[in-house]
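Undergrad: Hey, dropping start_24.pdb in here, PDB, N, CA and C atoms, pLDDT in the B column:
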ATOM      1  N   MET V  71       3.648  -2.269  19.321  1.00 64.00           N
ATOM      2  CA  MET V  71       4.190  -2.252  17.989  1.00 64.00           C
ATOM      3  C   MET V  71       3.306  -3.086  17.072  1.00 64.00           C
ATOM      4  N   MET V  72       3.096  -2.589  15.867  1.00 69.00           N
ATOM      5  CA  MET V  72       2.280  -3.311  14.901  1.00 69.00           C
ATOM      6  C   MET V  72       3.180  -3.957  13.850  1.00 69.00           C
ATOM      7  N   THR V  73       2.896  -5.191  13.543  1.00 76.00           N
ATOM      8  CA  THR V  73       3.619  -5.899  12.497  1.00 76.00           C
ATOM      9  C   THR V  73       2.732  -5.958  11.264  1.00 76.00           C
ATOM     10  N   ILE V  74       3.305  -5.637  10.119  1.00 79.00           N
ATOM     11  CA  ILE V  74       2.562  -5.699   8.865  1.00 79.00           C
ATOM     12  C   ILE V  74       3.263  -6.683   7.940  1.00 79.00           C
ATOM     13  N   CYS V  75       2.504  -7.598   7.406  1.00 87.00           N
ATOM     14  CA  CYS V  75       3.033  -8.577   6.454  1.00 87.00           C
ATOM     15  C   CYS V  75       2.587  -8.155   5.053  1.00 87.00           C
ATOM     16  N   VAL V  76       3.536  -7.798   4.197  1.00 87.00           N
ATOM     17  CA  VAL V  76       3.222  -7.405   2.824  1.00 87.00           C
ATOM     18  C   VAL V  76       3.048  -8.670   1.988  1.00 87.00           C
ATOM     19  N   LEU V  77       1.860  -8.825   1.427  1.00 90.00           N
ATOM     20  CA  LEU V  77       1.567  -9.987   0.596  1.00 90.00           C
ATOM     21  C   LEU V  77       1.969  -9.749  -0.858  1.00 90.00           C
ATOM     22  N   SER V  78       1.807  -8.503  -1.305  1.00 91.00           N
ATOM     23  CA  SER V  78       2.132  -8.179  -2.691  1.00 91.00           C
ATOM     24  C   SER V  78       2.273  -6.678  -2.854  1.00 91.00           C
ATOM     25  N   SER V  79       3.271  -6.247  -3.603  1.00 91.00           N
ATOM     26  CA  SER V  79       3.420  -4.837  -3.946  1.00 91.00           C
ATOM     27  C   SER V  79       2.682  -4.610  -5.258  1.00 91.00           C
ATOM     28  N   LEU V  80       1.735  -3.662  -5.264  1.00 93.00           N
ATOM     29  CA  LEU V  80       0.878  -3.459  -6.427  1.00 93.00           C
ATOM     30  C   LEU V  80       1.311  -2.301  -7.314  1.00 93.00           C
ATOM     31  N   HIS V  81       1.932  -1.281  -6.699  1.00 95.00           N
ATOM     32  CA  HIS V  81       2.257  -0.062  -7.444  1.00 95.00           C
ATOM     33  C   HIS V  81       3.343   0.684  -6.697  1.00 95.00           C
ATOM     34  N   GLU V  82       4.245   1.329  -7.428  1.00 96.00           N
ATOM     35  CA  GLU V  82       5.287   2.144  -6.822  1.00 96.00           C
ATOM     36  C   GLU V  82       5.145   3.559  -7.366  1.00 96.00           C
ATOM     37  N   ALA V  83       5.185   4.551  -6.474  1.00 97.00           N
ATOM     38  CA  ALA V  83       4.966   5.939  -6.868  1.00 97.00           C
ATOM     39  C   ALA V  83       6.060   6.843  -6.323  1.00 97.00           C
ATOM     40  N   GLU V  84       6.248   7.979  -6.983  1.00 97.00           N
ATOM     41  CA  GLU V  84       7.247   8.956  -6.543  1.00 97.00           C
ATOM     42  C   GLU V  84       6.805   9.698  -5.284  1.00 97.00           C
ATOM     43  N   THR V  85       5.494   9.931  -5.148  1.00 97.00           N
ATOM     44  CA  THR V  85       4.983  10.704  -4.013  1.00 97.00           C
ATOM     45  C   THR V  85       3.873   9.942  -3.290  1.00 97.00           C
ATOM     46  N   ALA V  86       3.651  10.313  -2.036  1.00 96.00           N
ATOM     47  CA  ALA V  86       2.570   9.707  -1.259  1.00 96.00           C
ATOM     48  C   ALA V  86       1.221  10.040  -1.877  1.00 96.00           C
ATOM     49  N   ASP V  87       1.082  11.250  -2.419  1.00 97.00           N
ATOM     50  CA  ASP V  87      -0.175  11.663  -3.041  1.00 97.00           C
ATOM     51  C   ASP V  87      -0.502  10.781  -4.246  1.00 97.00           C
ATOM     52  N   GLU V  88       0.486  10.524  -5.072  1.00 96.00           N
ATOM     53  CA  GLU V  88       0.296   9.652  -6.237  1.00 96.00           C
ATOM     54  C   GLU V  88      -0.086   8.237  -5.798  1.00 96.00           C
ATOM     55  N   ALA V  89       0.576   7.736  -4.767  1.00 95.00           N
ATOM     56  CA  ALA V  89       0.270   6.401  -4.248  1.00 95.00           C
ATOM     57  C   ALA V  89      -1.143   6.347  -3.677  1.00 95.00           C
ATOM     58  N   ALA V  90      -1.535   7.402  -2.974  1.00 94.00           N
ATOM     59  CA  ALA V  90      -2.875   7.449  -2.386  1.00 94.00           C
ATOM     60  C   ALA V  90      -3.947   7.482  -3.469  1.00 94.00           C
ATOM     61  N   ARG V  91      -3.699   8.214  -4.550  1.00 94.00           N
ATOM     62  CA  ARG V  91      -4.664   8.246  -5.661  1.00 94.00           C
ATOM     63  C   ARG V  91      -4.810   6.859  -6.288  1.00 94.00           C
ATOM     64  N   TYR V  92      -3.702   6.149  -6.437  1.00 93.00           N
ATOM     65  CA  TYR V  92      -3.766   4.787  -6.986  1.00 93.00           C
ATOM     66  C   TYR V  92      -4.568   3.886  -6.045  1.00 93.00           C
ATOM     67  N   ALA V  93      -4.279   3.964  -4.753  1.00 91.00           N
ATOM     68  CA  ALA V  93      -5.001   3.141  -3.773  1.00 91.00           C
ATOM     69  C   ALA V  93      -6.493   3.464  -3.793  1.00 91.00           C
ATOM     70  N   ALA V  94      -6.832   4.745  -3.920  1.00 92.00           N
ATOM     71  CA  ALA V  94      -8.240   5.152  -3.956  1.00 92.00           C
ATOM     72  C   ALA V  94      -8.949   4.575  -5.180  1.00 92.00           C
ATOM     73  N   SER V  95      -8.214   4.391  -6.271  1.00 91.00           N
ATOM     74  CA  SER V  95      -8.828   3.831  -7.480  1.00 91.00           C
ATOM     75  C   SER V  95      -9.221   2.366  -7.287  1.00 91.00           C
ATOM     76  N   LEU V  96      -8.656   1.710  -6.288  1.00 88.00           N
ATOM     77  CA  LEU V  96      -8.973   0.305  -6.000  1.00 88.00           C
ATOM     78  C   LEU V  96      -9.956   0.146  -4.837  1.00 88.00           C
ATOM     79  N   ALA V  97     -10.379   1.250  -4.262  1.00 79.00           N
ATOM     80  CA  ALA V  97     -11.145   1.220  -3.009  1.00 79.00           C
ATOM     81  C   ALA V  97     -12.434   0.411  -3.080  1.00 79.00           C
ATOM     82  N   ASN V  98     -13.078   0.334  -4.218  1.00 83.00           N
ATOM     83  CA  ASN V  98     -14.353  -0.380  -4.315  1.00 83.00           C
ATOM     84  C   ASN V  98     -14.205  -1.843  -4.704  1.00 83.00           C
ATOM     85  N   ASP V  99     -12.985  -2.323  -4.779  1.00 84.00           N
ATOM     86  CA  ASP V  99     -12.734  -3.722  -5.140  1.00 84.00           C
ATOM     87  C   ASP V  99     -12.418  -4.512  -3.868  1.00 84.00           C
ATOM     88  N   ALA V 100     -13.299  -5.421  -3.499  1.00 84.00           N
ATOM     89  CA  ALA V 100     -13.139  -6.181  -2.249  1.00 84.00           C
ATOM     90  C   ALA V 100     -11.832  -6.969  -2.197  1.00 84.00           C
ATOM     91  N   ALA V 101     -11.281  -7.322  -3.342  1.00 81.00           N
ATOM     92  CA  ALA V 101     -10.023  -8.071  -3.373  1.00 81.00           C
ATOM     93  C   ALA V 101      -8.862  -7.247  -2.822  1.00 81.00           C
ATOM     94  N   TYR V 102      -9.041  -5.925  -2.817  1.00 83.00           N
ATOM     95  CA  TYR V 102      -7.981  -5.037  -2.341  1.00 83.00           C
ATOM     96  C   TYR V 102      -8.395  -4.326  -1.053  1.00 83.00           C
ATOM     97  N   SER V 103      -9.063  -5.026  -0.171  1.00 82.00           N
ATOM     98  CA  SER V 103      -9.604  -4.394   1.037  1.00 82.00           C
ATOM     99  C   SER V 103      -8.549  -4.058   2.082  1.00 82.00           C
ATOM    100  N   ARG V 104      -7.355  -4.599   1.969  1.00 86.00           N
ATOM    101  CA  ARG V 104      -6.297  -4.319   2.953  1.00 86.00           C
ATOM    102  C   ARG V 104      -5.071  -3.720   2.279  1.00 86.00           C
ATOM    103  N   LEU V 105      -5.246  -2.507   1.783  1.00 89.00           N
ATOM    104  CA  LEU V 105      -4.128  -1.811   1.154  1.00 89.00           C
ATOM    105  C   LEU V 105      -3.386  -0.985   2.189  1.00 89.00           C
ATOM    106  N   CYS V 106      -2.104  -0.842   2.009  1.00 89.00           N
ATOM    107  CA  CYS V 106      -1.330   0.056   2.860  1.00 89.00           C
ATOM    108  C   CYS V 106      -0.297   0.766   1.997  1.00 89.00           C
ATOM    109  N   LEU V 107       0.084   1.965   2.434  1.00 92.00           N
ATOM    110  CA  LEU V 107       1.133   2.731   1.772  1.00 92.00           C
ATOM    111  C   LEU V 107       2.372   2.639   2.633  1.00 92.00           C
ATOM    112  N   ILE V 108       3.478   2.262   2.017  1.00 93.00           N
ATOM    113  CA  ILE V 108       4.739   2.098   2.737  1.00 93.00           C
ATOM    114  C   ILE V 108       5.809   2.900   2.012  1.00 93.00           C
ATOM    115  N   GLN V 109       6.553   3.712   2.779  1.00 94.00           N
ATOM    116  CA  GLN V 109       7.651   4.443   2.158  1.00 94.00           C
ATOM    117  C   GLN V 109       8.875   3.542   2.083  1.00 94.00           C
ATOM    118  N   LEU V 110       9.436   3.446   0.898  1.00 94.00           N
ATOM    119  CA  LEU V 110      10.594   2.595   0.652  1.00 94.00           C
ATOM    120  C   LEU V 110      11.887   3.322   1.019  1.00 94.00           C
ATOM    121  N   ALA V 111      12.956   2.586   1.174  1.00 94.00           N
ATOM    122  CA  ALA V 111      14.257   3.174   1.499  1.00 94.00           C
ATOM    123  C   ALA V 111      14.697   4.175   0.433  1.00 94.00           C
ATOM    124  N   SER V 112      14.242   3.997  -0.792  1.00 96.00           N
ATOM    125  CA  SER V 112      14.589   4.900  -1.897  1.00 96.00           C
ATOM    126  C   SER V 112      13.863   6.235  -1.811  1.00 96.00           C
ATOM    127  N   GLY V 113      12.859   6.319  -0.916  1.00 96.00           N
ATOM    128  CA  GLY V 113      12.048   7.523  -0.806  1.00 96.00           C
ATOM    129  C   GLY V 113      10.744   7.423  -1.578  1.00 96.00           C
ATOM    130  N   LYS V 114      10.632   6.424  -2.463  1.00 97.00           N
ATOM    131  CA  LYS V 114       9.389   6.215  -3.197  1.00 97.00           C
ATOM    132  C   LYS V 114       8.351   5.609  -2.258  1.00 97.00           C
ATOM    133  N   TRP V 115       7.108   5.558  -2.728  1.00 97.00           N
ATOM    134  CA  TRP V 115       6.010   4.989  -1.958  1.00 97.00           C
ATOM    135  C   TRP V 115       5.470   3.768  -2.678  1.00 97.00           C
ATOM    136  N   ALA V 116       5.144   2.738  -1.931  1.00 95.00           N
ATOM    137  CA  ALA V 116       4.576   1.517  -2.496  1.00 95.00           C
ATOM    138  C   ALA V 116       3.163   1.322  -1.971  1.00 95.00           C
ATOM    139  N   VAL V 117       2.260   0.962  -2.868  1.00 95.00           N
ATOM    140  CA  VAL V 117       0.910   0.550  -2.491  1.00 95.00           C
ATOM    141  C   VAL V 117       0.965  -0.965  -2.416  1.00 95.00           C
ATOM    142  N   CYS V 118       0.684  -1.502  -1.240  1.00 93.00           N
ATOM    143  CA  CYS V 118       0.831  -2.941  -1.015  1.00 93.00           C
ATOM    144  C   CYS V 118      -0.458  -3.554  -0.494  1.00 93.00           C
ATOM    145  N   LEU V 119      -0.658  -4.804  -0.832  1.00 91.00           N
ATOM    146  CA  LEU V 119      -1.718  -5.610  -0.247  1.00 91.00           C
ATOM    147  C   LEU V 119      -1.108  -6.226   1.000  1.00 91.00           C
ATOM    148  N   CYS V 120      -1.710  -5.972   2.157  1.00 88.00           N
ATOM    149  CA  CYS V 120      -1.088  -6.352   3.431  1.00 88.00           C
ATOM    150  C   CYS V 120      -2.004  -7.201   4.290  1.00 88.00           C
ATOM    151  N   ARG V 121      -1.367  -7.881   5.213  1.00 80.00           N
ATOM    152  CA  ARG V 121      -2.074  -8.600   6.271  1.00 80.00           C
ATOM    153  C   ARG V 121      -1.515  -8.043   7.565  1.00 80.00           C
ATOM    154  N   GLY V 122      -2.377  -7.475   8.399  1.00 65.00           N
ATOM    155  CA  GLY V 122      -1.927  -6.872   9.651  1.00 65.00           C
ATOM    156  C   GLY V 122      -1.878  -7.886  10.769  1.00 65.00           C
ATOM    157  N   GLY V 123      -1.150  -7.540  11.790  1.00 58.00           N
ATOM    158  CA  GLY V 123      -1.048  -8.394  12.966  1.00 58.00           C
ATOM    159  C   GLY V 123      -0.689  -7.573  14.174  1.00 58.00           C
ATOM    160  N   GLY V 124      -0.825  -8.143  15.333  1.00 49.00           N
ATOM    161  CA  GLY V 124      -0.600  -7.439  16.574  1.00 49.00           C
ATOM    162  C   GLY V 124       0.823  -7.219  16.861  1.00 49.00           C
TER     163      GLY V 124
END
Would you mind writing the file's structure down as structure tokens?
TA:
Amino acid sequence: MMTICVLSSLHEAETADEAARYAASLANDAAYSRLCLIQLASGKWAVCLCRGGG
């Protein structure tokens, strides 16, 4: 099992595609090197800055 620690939520989107496009717009910025997409209980998608762990 992988544990993910969300450090900050950067953007909330209605669809995974919209969230992925937002994440792609940050791809060349080293400050955002650990982005993840997480589906919220509401069904929306969040682009988050994360720290992964085992």
Undergrad: Any idea what's packed within 8 Å of region 104-120 of chain V, counting only C-alpha atoms, ignoring anything in its chain fewer than 6 positions away? Could you give it as a list in words?
TA: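 Near region 104-120 of chain V, the qualifying residues are Ile74, Cys75, Val76, Leu77, Ser78, Ser79, Leu80, His81, Glu82, Ala83, Glu84, Thr85, Ala86, Ala89, Ala90, Tyr92 and Ala93 of chain V.
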Undergrad: Run DSSP on the backbone and grab whatever in chain V lands in helix (DSSP H, G or I); send it over as JSON, numbers by chain.
TA: {"V": [86, 87, 88, 89, 90, 91, 92, 93, 94, 95, 100, 101, 102]}
Undergrad: I need the residues of chain V that end up classed as strand (DSSP E) by DSSP on the backbone, written out as a VMD selection string.
TA: chain V and resid 73 to 83 105 to 109 115 to 123
Undergrad: Atom C of Arg121 (chain V) to atom C of Asp87 (chain V): how many Å, to one decimal?
TA: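 Taking atom C of Arg121 (chain V) as the start and atom C of Asp87 (chain V) as the end point, the length is 22.2 Å.
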Undergrad: Which value, in Å to one decimal, gives the distance between atom C of Ala101 (chain V) and CA of Glu88 (chain V)?
TA: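 So the two atoms, atom C of Ala101 (chain V) and CA of Glu88 (chain V), lie 19.5 Å apart.
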Undergrad: To one decimal in Å, tell me the separation between atom C of Ser103 (chain V) and atom C of Arg91 (chain V).
TA: 14.3 Å
Undergrad: First collect every listed atom of region 100-110 of chain V; then fit an axis-aligned box around them, widen it by 3 Å on each side, and give centre and edge lengths in Å to one decimal, as lines of an AutoDock Vina configuration file.
TA:
center_x = -0.7
center_y = -1.8
center_z = -0.3
size_x = 31.2
size_y = 18.5
size_z = 12.5
